[in-house]
file query-v1.pdb (PDB, C-alpha atoms)
ATOM      1  CA  MET A 827     -10.349   3.108  33.279
ATOM      2  CA  ALA A 828     -12.800   3.299  30.344
ATOM      3  CA  SER A 829     -13.485   0.366  28.073
ATOM      4  CA  LEU A 830     -15.268  -0.173  24.767
ATOM      5  CA  ASN A 831     -17.050  -3.212  23.349
ATOM      6  CA  LYS A 832     -17.855  -2.411  19.711
ATOM      7  CA  VAL A 833     -17.925  -4.620  16.623
ATOM      8  CA  ILE A 834     -18.266  -3.523  13.000
ATOM      9  CA  LEU A 835     -18.748  -6.250  10.408
ATOM     10  CA  ILE A 836     -19.355  -6.281   6.665
ATOM     11  CA  GLY A 837     -20.360  -9.616   5.215
ATOM     12  CA  ASN A 838     -23.101 -11.765   3.711
ATOM     13  CA  LEU A 839     -26.097 -13.275   5.472
ATOM     14  CA  GLY A 840     -25.833 -17.069   5.684
ATOM     15  CA  LYS A 841     -29.609 -17.579   5.967
ATOM     16  CA  ASP A 842     -32.852 -15.624   6.187
ATOM     17  CA  PRO A 843     -33.280 -13.929   9.577
ATOM     18  CA  GLU A 844     -35.379 -15.894  12.072
ATOM     19  CA  VAL A 845     -37.656 -14.014  14.456
ATOM     20  CA  ILE A 846     -39.021 -15.568  17.651
ATOM     21  CA  SER A 847     -41.966 -13.910  19.439
ATOM     22  CA  PHE A 848     -42.330 -14.314  23.194
ATOM     23  CA  GLU A 849     -45.490 -14.287  25.308
ATOM     24  CA  ASN A 850     -44.760 -10.807  26.660
ATOM     25  CA  GLY A 851     -44.687  -9.396  23.087
ATOM     26  CA  SER A 852     -40.938  -8.978  22.748
ATOM     27  CA  LYS A 853     -39.160 -10.342  19.696
ATOM     28  CA  LYS A 854     -35.700 -11.810  19.125
ATOM     29  CA  MET A 855     -34.028 -11.914  15.703
ATOM     30  CA  SER A 856     -31.141 -14.271  14.984
ATOM     31  CA  VAL A 857     -29.139 -14.795  11.811
ATOM     32  CA  SER A 858     -25.624 -15.817  10.791
ATOM     33  CA  LEU A 859     -23.187 -13.557   8.931
ATOM     34  CA  ALA A 860     -20.133 -14.698   6.961
ATOM     35  CA  THR A 861     -17.038 -12.524   6.638
ATOM     36  CA  THR A 862     -14.345 -13.708   4.234
ATOM     37  CA  GLU A 863     -10.671 -12.811   4.250
ATOM     38  CA  ARG A 864      -8.531 -13.387   1.159
ATOM     39  CA  TYR A 865      -4.760 -13.544   1.233
ATOM     40  CA  ARG A 866      -1.849 -15.179  -0.558
ATOM     41  CA  ASP A 867       0.002 -18.042   1.094
ATOM     42  CA  ARG A 868       3.763 -18.636   0.923
ATOM     43  CA  ASP A 869       3.415 -20.317  -2.476
ATOM     44  CA  GLY A 870       1.525 -17.347  -3.943
ATOM     45  CA  ASN A 871      -1.857 -19.129  -4.063
ATOM     46  CA  TRP A 872      -5.011 -17.296  -3.025
ATOM     47  CA  VAL A 873      -6.537 -18.604   0.207
ATOM     48  CA  GLU A 874     -10.027 -17.700   1.443
ATOM     49  CA  GLN A 875     -10.844 -17.946   5.112
ATOM     50  CA  THR A 876     -14.502 -17.519   6.129
ATOM     51  CA  GLU A 877     -15.553 -16.668   9.665
ATOM     52  CA  TRP A 878     -19.178 -17.154  10.776
ATOM     53  CA  HIS A 879     -20.771 -14.785  13.282
ATOM     54  CA  ASN A 880     -24.020 -15.317  15.207
ATOM     55  CA  LEU A 881     -26.054 -12.085  15.173
ATOM     56  CA  VAL A 882     -28.819 -11.446  17.716
ATOM     57  CA  SER A 883     -31.138  -8.475  18.032
ATOM     58  CA  TRP A 884     -33.972  -7.555  20.350
ATOM     59  CA  GLY A 885     -36.477  -4.720  20.303
ATOM     60  CA  PHE A 886     -37.173  -2.418  17.374
ATOM     61  CA  LEU A 887     -34.769  -4.036  14.901
ATOM     62  CA  ALA A 888     -36.247  -7.497  15.513
ATOM     63  CA  GLN A 889     -39.768  -6.082  15.279
ATOM     64  CA  ASP A 890     -38.983  -4.316  11.966
ATOM     65  CA  ILE A 891     -37.645  -7.547  10.488
ATOM     66  CA  ALA A 892     -40.643  -9.546  11.802
ATOM     67  CA  GLU A 893     -43.103  -7.066  10.272
ATOM     68  CA  LYS A 894     -41.157  -6.993   6.961
ATOM     69  CA  ARG A 895     -40.314  -3.283   7.231
ATOM     70  CA  ARG A 896     -36.767  -4.473   6.713
ATOM     71  CA  ASN A 897     -36.599  -7.316   4.240
ATOM     72  CA  TYR A 898     -33.276  -9.126   4.493
ATOM     73  CA  SER A 899     -32.602 -12.505   2.934
ATOM     74  CA  LYS A 900     -29.838 -15.070   2.538
ATOM     75  CA  GLY A 901     -26.825 -13.728   0.622
ATOM     76  CA  ASP A 902     -27.521 -10.019   1.244
ATOM     77  CA  HIS A 903     -24.388  -7.916   1.709
ATOM     78  CA  MET A 904     -24.708  -6.289   5.147
ATOM     79  CA  TYR A 905     -23.126  -3.662   7.389
ATOM     80  CA  VAL A 906     -23.536  -4.528  11.085
ATOM     81  CA  GLU A 907     -22.619  -2.673  14.279
ATOM     82  CA  GLY A 908     -22.969  -4.175  17.708
ATOM     83  CA  ARG A 909     -21.167  -5.586  20.716
ATOM     84  CA  ILE A 910     -19.754  -9.021  21.590
ATOM     85  CA  LYS A 911     -21.400 -11.105  24.287
ATOM     86  CA  THR A 912     -20.384 -14.575  25.393
ATOM     87  CA  ARG A 913     -22.842 -16.679  27.347
ATOM     88  CA  GLN A 914     -22.817 -20.179  28.718
ATOM     89  CA  TYR A 915     -25.486 -22.827  28.952
ATOM     90  CA  VAL A 916     -25.774 -26.481  29.897
ATOM     91  CA  ASP A 917     -26.883 -28.803  27.074
ATOM     92  CA  ASN A 918     -28.956 -32.010  27.308
ATOM     93  CA  GLN A 919     -25.896 -34.145  28.144
ATOM     94  CA  ASN A 920     -25.085 -31.857  31.090
ATOM     95  CA  ILE A 921     -22.063 -30.312  29.328
ATOM     96  CA  THR A 922     -21.398 -26.607  29.800
ATOM     97  CA  ARG A 923     -21.218 -24.881  26.423
ATOM     98  CA  TYR A 924     -20.164 -21.348  25.516
ATOM     99  CA  ILE A 925     -21.507 -19.310  22.641
ATOM    100  CA  THR A 926     -20.289 -15.938  21.376
ATOM    101  CA  GLU A 927     -22.853 -13.660  19.760
ATOM    102  CA  ILE A 928     -22.933 -10.182  18.290
ATOM    103  CA  PHE A 929     -25.753  -8.152  19.845
ATOM    104  CA  VAL A 930     -26.731  -5.936  16.921
ATOM    105  CA  ASP A 931     -27.372  -2.216  17.422
ATOM    106  CA  LYS A 932     -27.381  -1.212  13.755
ATOM    107  CA  MET A 933     -27.934  -3.322  10.637
ATOM    108  CA  MET A 934     -28.000  -1.982   7.090
ATOM    109  CA  SER A 935     -28.137  -3.615   3.670
ATOM    110  CA  LEU A 936     -25.305  -2.742   1.284
ATOM    111  CA  GLY A 937     -26.835  -4.744  -1.545
ATOM    112  CA  SER A 938     -28.979  -7.780  -1.985
ATOM    113  CA  SER A 939     -28.240 -11.146  -3.511
ATOM    114  CA  ARG A 940     -30.847 -10.247  -6.165
ATOM    115  CA  GLN A 941     -28.781  -7.201  -7.148
ATOM    116  CA  ALA A 942     -25.648  -9.351  -7.418
ATOM    117  CA  GLN A 943     -27.469 -11.756  -9.750
ATOM    118  CA  GLN A 944     -28.744  -8.852 -11.867
ATOM    119  CA  ALA A 945     -25.244  -7.375 -12.013
ATOM    120  CA  GLN A 946     -23.880 -10.683 -13.323
ATOM    121  CA  GLN A 947     -26.609 -10.818 -15.973
ATOM    122  CA  ASN A 948     -26.159  -7.177 -17.056
ATOM    123  CA  PRO A 949     -22.631  -5.997 -16.144
ATOM    124  CA  ASN A 950     -23.035  -2.631 -17.945
ATOM    125  CA  ALA A 951     -25.871  -1.424 -15.670
ATOM    126  CA  SER A 952     -25.207   0.166 -12.286
ATOM    127  CA  TYR A 953     -27.353  -0.531  -9.229
ATOM    128  CA  ASN A 954     -28.349   1.661  -6.337
ATOM    129  CA  ALA A 955     -27.977   0.097  -2.879
ATOM    130  CA  TYR A 956     -31.514   1.233  -1.977
ATOM    131  CA  SER A 957     -33.283  -0.012  -5.109
ATOM    132  CA  SER A 958     -33.272  -3.284  -6.998
ATOM    133  CA  GLN A 959     -33.950  -1.493 -10.289
ATOM    134  CA  PRO A 960     -31.038  -0.946 -12.689
ATOM    135  CA  GLN A 961     -30.094   2.639 -13.344
ATOM    136  CA  GLN A 962     -29.253   3.846 -16.817
ATOM    137  CA  GLN A 963     -25.747   5.145 -17.214
ATOM    138  CA  TYR A 964     -25.497   8.848 -17.958
ATOM    139  CA  GLN A 965     -25.296   9.644 -21.646
ATOM    140  CA  PRO A 966     -24.834  13.344 -22.507
ATOM    141  CA  GLN A 967     -27.312  14.640 -25.084
ATOM    142  CA  GLN A 968     -24.794  16.815 -26.879
ATOM    143  CA  GLN A 969     -21.142  17.435 -26.411
ATOM    144  CA  TYR A 970     -20.118  20.777 -24.943
ATOM    145  CA  GLN A 971     -18.295  23.067 -27.312
ATOM    146  CA  PRO A 972     -16.976  26.406 -26.086
ATOM    147  CA  GLN A 973     -17.976  29.525 -28.007
ATOM    148  CA  GLN A 974     -15.385  30.981 -30.316
ATOM    149  CA  GLN A 975     -14.092  34.370 -29.216
ATOM    150  CA  SER A 976     -12.426  36.843 -31.501
ATOM    151  CA  GLN A 977      -8.746  37.416 -31.018
ATOM    152  CA  TYR A 978      -9.239  41.148 -30.446
ATOM    153  CA  GLN A 979     -12.102  42.419 -28.328
ATOM    154  CA  GLN A 980     -13.568  45.878 -28.712
ATOM    155  CA  PRO A 981     -13.606  48.067 -25.577
ATOM    156  CA  VAL A 982     -17.052  48.381 -23.965
ATOM    157  CA  ASP A 983     -17.212  52.095 -24.621
ATOM    158  CA  ASN A 984     -14.620  54.550 -25.727
ATOM    159  CA  GLN A 985     -13.405  56.292 -22.612
ATOM    160  CA  VAL A 986     -11.186  59.290 -22.720
ATOM    161  CA  VAL A 987      -8.219  58.967 -20.393
ATOM    162  CA  ASN A 988      -7.673  62.095 -18.301
ATOM    163  CA  GLN A 989      -4.111  63.216 -18.756
ATOM    164  CA  ASP A 990      -4.115  65.055 -15.377
ATOM    165  CA  TYR A 991      -4.918  61.929 -13.277
ATOM    166  CA  ASN A 992      -2.054  60.924 -10.931
ATOM    167  CA  GLY A 993      -3.709  58.048  -8.941
ATOM    168  CA  ASP A 994      -3.963  59.953  -5.622
ATOM    169  CA  ASP A 995      -7.657  59.184  -5.062
ATOM    170  CA  LEU A 996      -7.054  55.560  -3.990
ATOM    171  CA  PRO A 997      -8.468  54.768  -0.508
ATOM    172  CA  PHE A 998      -5.335  53.082   0.772
TER     173      PHE A 998
END
call {"tool": "encode", "arguments": {"input": "query-v1.pdb", "output": "structure tokens"}}
result
Amino acid sequence: MASLNKVILIGNLGKDPEVISFENGSKKMSVSLATTERYRDRDGNWVEQTEWHNLVSWGFLAQDIAEKRRNYSKGDHMYVEGRIKTRQYVDNQNITRYITEIFVDKMMSLGSSRQAQQAQQNPNASYNAYSSQPQQQYQPQQQYQPQQQSQYQQPVDNQVVNQDYNGDDLPF
């Protein structure tokens, strides 16, 4: 029977990504992501519940982040795809510990914390997810006004209707 291990998360980075380089040249990126759920309790009060996820990436994504081709920072709103992995290790006190991580396949910024601050400072400007520069809202130069048409239109040219025509030349 087939199975699927796929996770899709949208949340905010809890810290700047950390990249570790190993002797063989490979890189590992790790960062935490917070997802928040809001709901009303029995009394009608809003309750927020935040879940923290440990994200790990190897290979090209970790290398891009290490070389600043992807510049993510604490508070950025992120879209993440990956798979869940649970591993165990023995700590210094000889206790077996388990940790659950999201091995990231795809990671994309939906907006930065800088954009959120700019949006709070200037709520009338809109921001593109790929640029930190505000975009001007569209203002039409002039308002469209349809052309006035006369109530009666003249025929294109005066055609003489043939009185002998009976409509038999139609192709169907």
call {"tool": "atom_distance", "arguments": {"input": "query-v1.pdb", "atom1": "atom CA of Asp902 of chain A", "atom2": "atom CA of Gly851 of chain A"}}
result
27.8 Å
call {"tool": "residues_around", "arguments": {"input": "query-v1.pdb", "residues": "Tyr905 of chain A", "least_positions_apart": "4", "cutoff": "7 Å", "atoms": "only C-alpha atoms", "output": "count of residues only"}}
result
7
call {"tool": "atom_distance", "arguments": {"input": "query-v1.pdb", "atom1": "atom CA of Phe848 of chain A", "atom2": "atom CA of Glu893 of chain A"}}
result
14.8 Å
call {"tool": "resolve_selection", "arguments": {"input": "query-v1.pdb", "expression": "the PyMOL selection byres ((chain A and resi 830) around 12)", "output": "NGL selection string"}}
result
:A and (827-829 or 831-833 or 908-910)
call {"tool": "residues_around", "arguments": {"input": "query-v1.pdb", "residues": "Gln875 of chain A", "least_positions_apart": "2", "cutoff": "8 Å", "atoms": "all atoms listed in the file", "output": "PyMOL selection string"}}
result
chain A and resi 862-864+873+877
call {"tool": "atom_distance", "arguments": {"input": "query-v1.pdb", "atom1": "atom CA of Arg896 of chain A", "atom2": "atom CA of Ala860 of chain A"}}
result
19.5 Å
